[in-house]
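J.: Sharing query-v1.tsv here; it has TSV, C-alpha atoms.
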```
chain	number	residue	atom	x	y	z
A	494	MET	CA	-41.71	35.72	25.64
A	495	ALA	CA	-40.60	32.18	24.78
A	496	ARG	CA	-39.23	29.99	27.54
A	497	PRO	CA	-35.43	29.51	27.67
A	498	VAL	CA	-34.09	26.46	25.87
A	499	GLN	CA	-31.17	24.54	27.35
A	500	LEU	CA	-28.53	23.89	24.71
A	501	ALA	CA	-25.98	22.11	26.88
A	502	PRO	CA	-26.01	20.78	30.44
A	503	GLY	CA	-23.65	21.89	33.17
A	504	SER	CA	-20.10	20.71	32.62
A	505	LEU	CA	-16.62	20.73	34.06
A	506	ALA	CA	-14.00	22.93	32.42
A	507	LEU	CA	-10.32	22.09	32.36
A	508	VAL	CA	-7.99	24.92	31.42
A	509	LEU	CA	-4.98	23.27	29.80
A	510	CYS	CA	-1.52	24.49	28.94
A	511	ARG	CA	0.72	22.71	26.47
A	512	LEU	CA	4.15	21.68	27.68
A	513	GLU	CA	6.97	23.58	26.02
A	514	ALA	CA	8.57	20.47	24.52
A	515	GLN	CA	5.27	19.35	22.99
A	516	GLU	CA	4.53	22.86	21.72
A	517	ALA	CA	7.91	23.11	20.01
A	518	ALA	CA	7.51	19.67	18.43
A	519	ALA	CA	4.01	20.34	17.14
A	520	GLY	CA	4.75	23.89	15.96
A	521	ALA	CA	1.76	26.23	15.68
A	522	GLU	CA	-0.77	23.47	15.00
A	523	GLU	CA	-3.39	23.14	17.72
A	524	PRO	CA	-4.61	19.62	18.54
A	525	GLY	CA	-8.27	18.77	18.11
A	526	GLY	CA	-10.57	18.85	21.12
A	527	ARG	CA	-11.72	15.25	20.83
A	528	ALA	CA	-8.13	14.01	20.67
A	529	VAL	CA	-7.28	15.95	23.83
A	530	PHE	CA	-10.40	14.59	25.53
A	531	ARG	CA	-9.49	11.00	24.68
A	532	ALA	CA	-5.98	11.54	26.03
A	533	PHE	CA	-7.38	12.99	29.28
A	534	ARG	CA	-9.88	10.20	29.77
A	535	ARG	CA	-7.25	7.55	29.00
A	536	ALA	CA	-4.74	9.06	31.42
A	537	ASN	CA	-7.20	8.94	34.34
A	538	ALA	CA	-8.91	5.66	33.40
A	539	ARG	CA	-5.50	4.00	33.82
A	540	CYS	CA	-5.27	5.02	37.47
A	541	PHE	CA	-5.94	1.42	38.56
A	542	TRP	CA	-4.83	2.18	42.12
A	543	ASN	CA	-7.69	4.72	42.35
A	544	SER	CA	-10.76	2.77	41.27
A	545	ARG	CA	-13.16	5.70	41.88
A	546	LEU	CA	-11.20	8.02	39.60
A	547	ALA	CA	-10.73	5.33	36.95
A	548	ARG	CA	-14.46	4.55	36.95
A	549	ALA	CA	-15.42	8.25	36.84
A	550	ALA	CA	-13.04	8.88	33.93
A	551	SER	CA	-14.59	6.04	31.94
A	552	ARG	CA	-17.99	7.73	32.25
A	553	LEU	CA	-16.83	11.08	30.89
A	554	ALA	CA	-18.36	12.51	27.72
A	555	PHE	CA	-16.90	15.15	25.45
A	556	GLN	CA	-18.80	18.43	25.78
A	557	GLY	CA	-16.72	20.91	23.85
A	558	TRP	CA	-13.35	22.44	23.12
A	559	LEU	CA	-12.62	26.16	23.29
A	560	ARG	CA	-9.64	27.84	21.75
A	561	ARG	CA	-6.66	28.51	23.99
A	562	GLY	CA	-6.99	25.09	25.56
A	563	VAL	CA	-10.27	24.82	27.46
A	564	LEU	CA	-11.74	21.32	27.53
A	565	LEU	CA	-15.39	20.86	28.56
A	566	VAL	CA	-16.45	17.45	29.85
A	567	HIS	CA	-19.73	16.07	31.12
A	568	ALA	CA	-20.63	13.06	33.26
A	569	PRO	CA	-23.14	11.99	35.92
A	570	PRO	CA	-22.98	14.29	38.98
A	571	ALA	CA	-21.25	11.68	41.13
A	572	SER	CA	-18.50	11.19	38.53
A	573	LEU	CA	-17.93	14.94	38.20
A	574	GLN	CA	-17.60	15.19	41.96
A	575	VAL	CA	-14.88	12.50	41.89
A	576	LEU	CA	-12.97	14.62	39.36
A	577	ARG	CA	-13.34	17.71	41.55
A	578	ASP	CA	-12.02	15.80	44.56
A	579	ALA	CA	-9.12	14.43	42.53
A	580	TRP	CA	-8.21	17.96	41.42
A	581	CYS	CA	-8.34	19.24	45.00
A	582	ARG	CA	-5.99	16.42	46.09
A	583	ARG	CA	-3.70	17.04	43.07
A	584	ALA	CA	-4.49	13.53	41.85
A	585	LEU	CA	-6.15	14.46	38.55
A	586	ARG	CA	-3.90	13.54	35.65
A	587	PRO	CA	-3.59	15.79	32.57
A	588	PRO	CA	-3.68	14.57	28.98
A	589	ARG	CA	-0.29	13.73	27.58
A	590	GLY	CA	1.63	16.82	26.52
A	591	PHE	CA	-0.45	19.19	28.67
A	592	ARG	CA	-0.57	20.65	32.14
A	593	ILE	CA	-3.86	21.42	33.92
A	594	ARG	CA	-3.88	25.07	34.99
A	595	ALA	CA	-7.38	25.22	36.47
A	596	VAL	CA	-10.58	23.22	36.88
A	597	GLY	CA	-14.03	24.72	37.42
A	598	ASP	CA	-17.76	24.32	36.95
A	599	VAL	CA	-19.57	25.71	33.93
A	600	PHE	CA	-23.24	26.58	34.19
A	601	PRO	CA	-25.70	25.06	31.70
A	602	VAL	CA	-25.83	26.90	28.39
A	603	GLN	CA	-29.28	28.37	27.75
A	604	MET	CA	-30.79	30.24	24.84
A	605	ASN	CA	-33.65	32.75	24.98
A	606	PRO	CA	-35.47	32.33	21.63
A	607	ILE	CA	-36.29	35.54	19.77
A	608	ALA	CA	-39.88	35.60	18.55
A	609	GLN	CA	-40.56	36.17	14.84
A	610	SER	CA	-43.34	38.11	13.22
A	611	GLN	CA	-46.03	36.07	11.48
A	612	PHE	CA	-45.84	38.29	8.42
A	613	VAL	CA	-43.02	38.70	5.89
A	614	PRO	CA	-42.85	41.97	3.90
A	615	LEU	CA	-43.73	41.27	0.27
A	616	ALA	CA	-40.86	43.43	-0.98
A	617	GLU	CA	-38.37	41.35	1.02
A	618	VAL	CA	-39.80	38.11	-0.36
A	619	LEU	CA	-39.67	39.39	-3.93
A	620	CYS	CA	-36.04	40.46	-3.58
A	621	CYS	CA	-35.10	37.05	-2.18
A	622	ALA	CA	-37.01	35.28	-4.95
A	623	VAL	CA	-35.46	37.38	-7.73
A	624	SER	CA	-32.00	36.82	-6.24
A	625	ASP	CA	-32.51	33.05	-6.05
A	626	MET	CA	-33.84	32.89	-9.59
A	627	ASN	CA	-30.96	35.02	-10.89
A	628	ALA	CA	-28.49	32.67	-9.20
A	629	ALA	CA	-30.24	29.67	-10.77
A	630	GLN	CA	-30.20	31.46	-14.17
A	631	ILE	CA	-34.00	31.33	-14.39
A	632	VAL	CA	-35.59	34.11	-16.44
A	633	VAL	CA	-37.58	36.27	-14.02
A	634	THR	CA	-40.88	37.44	-15.41
A	635	GLN	CA	-43.98	38.28	-13.42
A	636	GLU	CA	-45.44	34.90	-14.31
A	637	SER	CA	-42.34	32.89	-13.41
A	638	LEU	CA	-41.97	34.94	-10.24
A	639	LEU	CA	-45.48	34.02	-9.10
A	640	GLU	CA	-44.77	30.36	-9.84
A	641	HIS	CA	-41.57	30.57	-7.80
A	642	LEU	CA	-43.44	32.12	-4.87
A	643	MET	CA	-46.11	29.40	-4.89
A	644	LYS	CA	-43.47	26.66	-5.01
A	645	HIS	CA	-40.86	27.95	-2.58
A	646	TYR	CA	-42.84	30.24	-0.25
A	647	PRO	CA	-45.94	28.22	0.66
A	648	GLY	CA	-46.53	30.17	3.86
A	649	ILE	CA	-47.17	33.56	2.27
A	650	ALA	CA	-50.28	34.90	0.56
A	651	ILE	CA	-49.67	35.04	-3.19
A	652	PRO	CA	-50.12	38.67	-4.33
A	653	SER	CA	-52.46	39.68	-7.12
A	654	GLN	CA	-51.08	40.84	-10.46
A	655	ASP	CA	-51.78	44.48	-9.57
A	656	ILE	CA	-50.03	44.26	-6.18
A	657	LEU	CA	-47.10	42.40	-7.73
A	658	TYR	CA	-46.76	44.99	-10.50
A	659	THR	CA	-46.93	47.89	-8.03
A	660	THR	CA	-44.41	46.34	-5.63
A	661	LEU	CA	-41.95	45.55	-8.41
A	662	GLY	CA	-42.26	49.12	-9.63
A	663	THR	CA	-41.49	50.42	-6.15
A	664	LEU	CA	-38.43	48.18	-5.90
A	665	ILE	CA	-37.20	49.50	-9.25
A	666	LYS	CA	-37.62	53.10	-8.06
A	667	GLU	CA	-35.68	52.24	-4.91
A	668	ARG	CA	-32.96	50.69	-7.10
A	669	LYS	CA	-33.19	47.31	-5.42
A	670	ILE	CA	-34.06	45.51	-8.66
A	671	TYR	CA	-34.01	46.49	-12.33
A	672	HIS	CA	-35.73	45.25	-15.46
A	673	THR	CA	-34.38	44.62	-18.94
A	674	GLY	CA	-35.62	42.74	-21.96
A	675	GLU	CA	-34.33	39.60	-20.29
A	676	GLY	CA	-36.34	39.96	-17.08
A	677	TYR	CA	-35.85	41.26	-13.56
A	678	PHE	CA	-32.49	41.35	-11.81
A	679	ILE	CA	-31.19	42.23	-8.36
A	680	VAL	CA	-29.12	45.40	-8.12
A	681	THR	CA	-25.66	44.46	-6.84
A	682	PRO	CA	-22.50	46.50	-6.15
A	683	GLN	CA	-21.45	45.50	-9.67
A	684	THR	CA	-24.53	47.13	-11.23
A	685	TYR	CA	-23.88	50.52	-12.79
A	686	PHE	CA	-26.50	53.20	-13.36
A	687	ILE	CA	-25.83	55.35	-16.43
A	688	THR	CA	-28.13	58.37	-16.67
A	689	ASN	CA	-28.52	59.76	-20.19
A	690	THR	CA	-30.06	63.13	-20.94
A	691	SER	CA	-33.24	62.93	-23.01
A	692	PRO	CA	-32.77	64.20	-26.62
A	693	GLN	CA	-35.60	66.68	-26.15
A	694	GLU	CA	-33.62	68.47	-23.46
A	695	ASN	CA	-31.11	69.68	-26.03
A	696	LYS	CA	-33.91	71.59	-27.78
A	697	ARG	CA	-35.27	73.09	-24.57
A	698	ASP	CA	-34.31	76.54	-23.44
A	699	LEU	CA	-31.77	76.05	-20.64
A	700	SER	CA	-33.32	78.97	-18.76
A	701	ASP	CA	-36.62	77.10	-18.38
A	702	ALA	CA	-36.12	75.27	-15.06
A	703	SER	CA	-39.80	75.00	-14.16
A	704	HIS	CA	-40.38	71.94	-16.39
A	705	PRO	CA	-37.65	69.35	-15.73
A	706	VAL	CA	-37.16	66.76	-18.44
A	707	PRO	CA	-37.28	63.09	-17.39
A	708	THR	CA	-34.04	61.19	-17.72
A	709	CYS	CA	-33.35	57.73	-19.08
A	710	ILE	CA	-31.51	55.28	-16.81
A	711	THR	CA	-29.57	52.38	-18.28
A	712	TYR	CA	-28.52	49.47	-16.09
A	713	LEU	CA	-25.27	47.65	-16.76
A	714	ASP	CA	-24.38	44.52	-14.79
A	715	THR	CA	-20.76	43.38	-15.05
A	716	GLU	CA	-21.66	39.88	-13.87
A	717	SER	CA	-24.55	39.11	-16.22
A	718	GLY	CA	-23.08	41.02	-19.14
A	719	ILE	CA	-26.21	43.12	-19.56
```
Render the structure in this file as structure tokens.
T.:
Amino acid sequence: MARPVQLAPGSLALVLCRLEAQEAAAGAEEPGGRAVFRAFRRANARCFWNSRLARAASRLAFQGWLRRGVLLVHAPPASLQVLRDAWCRRALRPPRGFRIRAVGDVFPVQMNPIAQSQFVPLAEVLCCAVSDMNAAQIVVTQESLLEHLMKHYPGIAIPSQDILYTTLGTLIKERKIYHTGEGYFIVTPQTYFITNTSPQENKRDLSDASHPVPTCITYLDTESGI
């Protein structure tokens, strides 16, 4: 298992509440996090009578902004401790237009990476390639598909013609792609399958159910006009 990766260091969270007058003036629009952070830092950096708080505020860095008014700030440990002490003594000043409801420590944010397989299923790669080529309006033939794989998927083993042909056939049977005179296409929710009865079936005795007649499937795509 891969080792955890730290995405963000520990920070201090300030739960803010907008003052009613400011909320009514601004309507439903929520201020940006960086603007709120600058207002908070400015309000405390101007506490000239409290040099420790003013110096700590000047060292603050914006860490994040969560909806519903949670401001995350980061600073050297000593500066964060000054902010904690100021909050305990009710000396910490809120940003203009807000009231501080709570202050607390946030643990470092870590991520546990999820390991990937070294192998990619060929069918998945072919579907992605056909989809990309369809979007780029590139005609998808077996030859152009192999060229696309070599150019855009350098990490995979290029399949032989036989394996490519067999895999494409399987994808057609599974109705993940279809083929027309204009190449291969991805089956989308807009693709319709119209099954027509073979002409020979009309001549066959309906009571003979032991020899089913193959059907012909026509693919219509409302996006490509096929």
J.: When distances are computed from only C-alpha atoms, which of A:Leu509, A:Leu565, A:Ile649, A:Leu573 shows the smallest separation from A:Arg548?
T.: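 For A:Arg548, the nearest of the candidates is A:Leu573.
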J.: Taking all atoms listed in the file into account, which of A:Tyr671, A:Pro497, A:Phe678, A:Pro587 comes nearest A:Ile631?
T.: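 Nearest candidate to A:Ile631 out of A:Tyr671, A:Pro497, A:Phe678, A:Pro587: A:Phe678.
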J.: May I ask which of the residues A:Leu642, A:Val632, A:Val596, A:Pro601 is the closest one to A:Leu615, counting all atoms listed in the file?
T.: A:Leu642
J.: In Å, rounded to a single decimal, give me how far atom CA of A:Val498 is from atom CA of A:Pro614.
T.: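 Atom CA of A:Val498 lies 28.3 Å from atom CA of A:Pro614.
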J.: Please determine, counting only C-alpha atoms, which residue among A:Asn543, A:Thr681, A:Ser572, A:Ser504 has the shortest atom-to-atom distance to A:Trp558.
T.: A:Ser504
J.: Set the distance at 12 Å and use all atoms listed in the file: which residues neighbour A:Leu507 once local chain neighbours fewer than 4 positions away are removed? I'd like the list as a count of residues only.
T.: 33
J.: Hey, could you pull the box centre and edge lengths for stretch 500-516 of chain A, axis-aligned, 5 Å padding per side, all listed atoms, to one decimal in Å, as JSON?
T.:
```
{"center_x": -10.0, "center_y": 22.1, "center_z": 27.9, "size_x": 47.1, "size_y": 15.6, "size_z": 22.3}
```
J.: Enter the distance from atom CA of A:Leu500 to atom CA of A:Pro569, in Å, rounded to one decimal.
T.: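 If I compute the distance from atom CA of A:Leu500 to atom CA of A:Pro569, I get 17.2 Å.
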J.: Excluding stretch 664-668 of chain A and any residue of its chain fewer than 5 positions from it, enumerate the residues within 12 Å of it, using all atoms listed in the file, and give them as a list of chain:residue names.
T.: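 Within the cut-off, the hits are A:Leu615, A:Ala616, A:Glu617, A:Val618, A:Leu619, A:Cys620, A:Val623, A:Leu657, A:Tyr658, A:Thr659, A:Thr673, A:Tyr677, A:Phe678, A:Ile679, A:Val680, A:Thr681, A:Pro682, A:Thr684, A:Tyr685, A:Phe686, A:Ile710, A:Thr711, A:Tyr712.
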J.: State, in Å with one decimal place, the distance from atom CA of A:Pro524 to atom CA of A:Ala506.
T.: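 Value for the atom CA of A:Pro524-atom CA of A:Ala506 distance: 17.1 Å.
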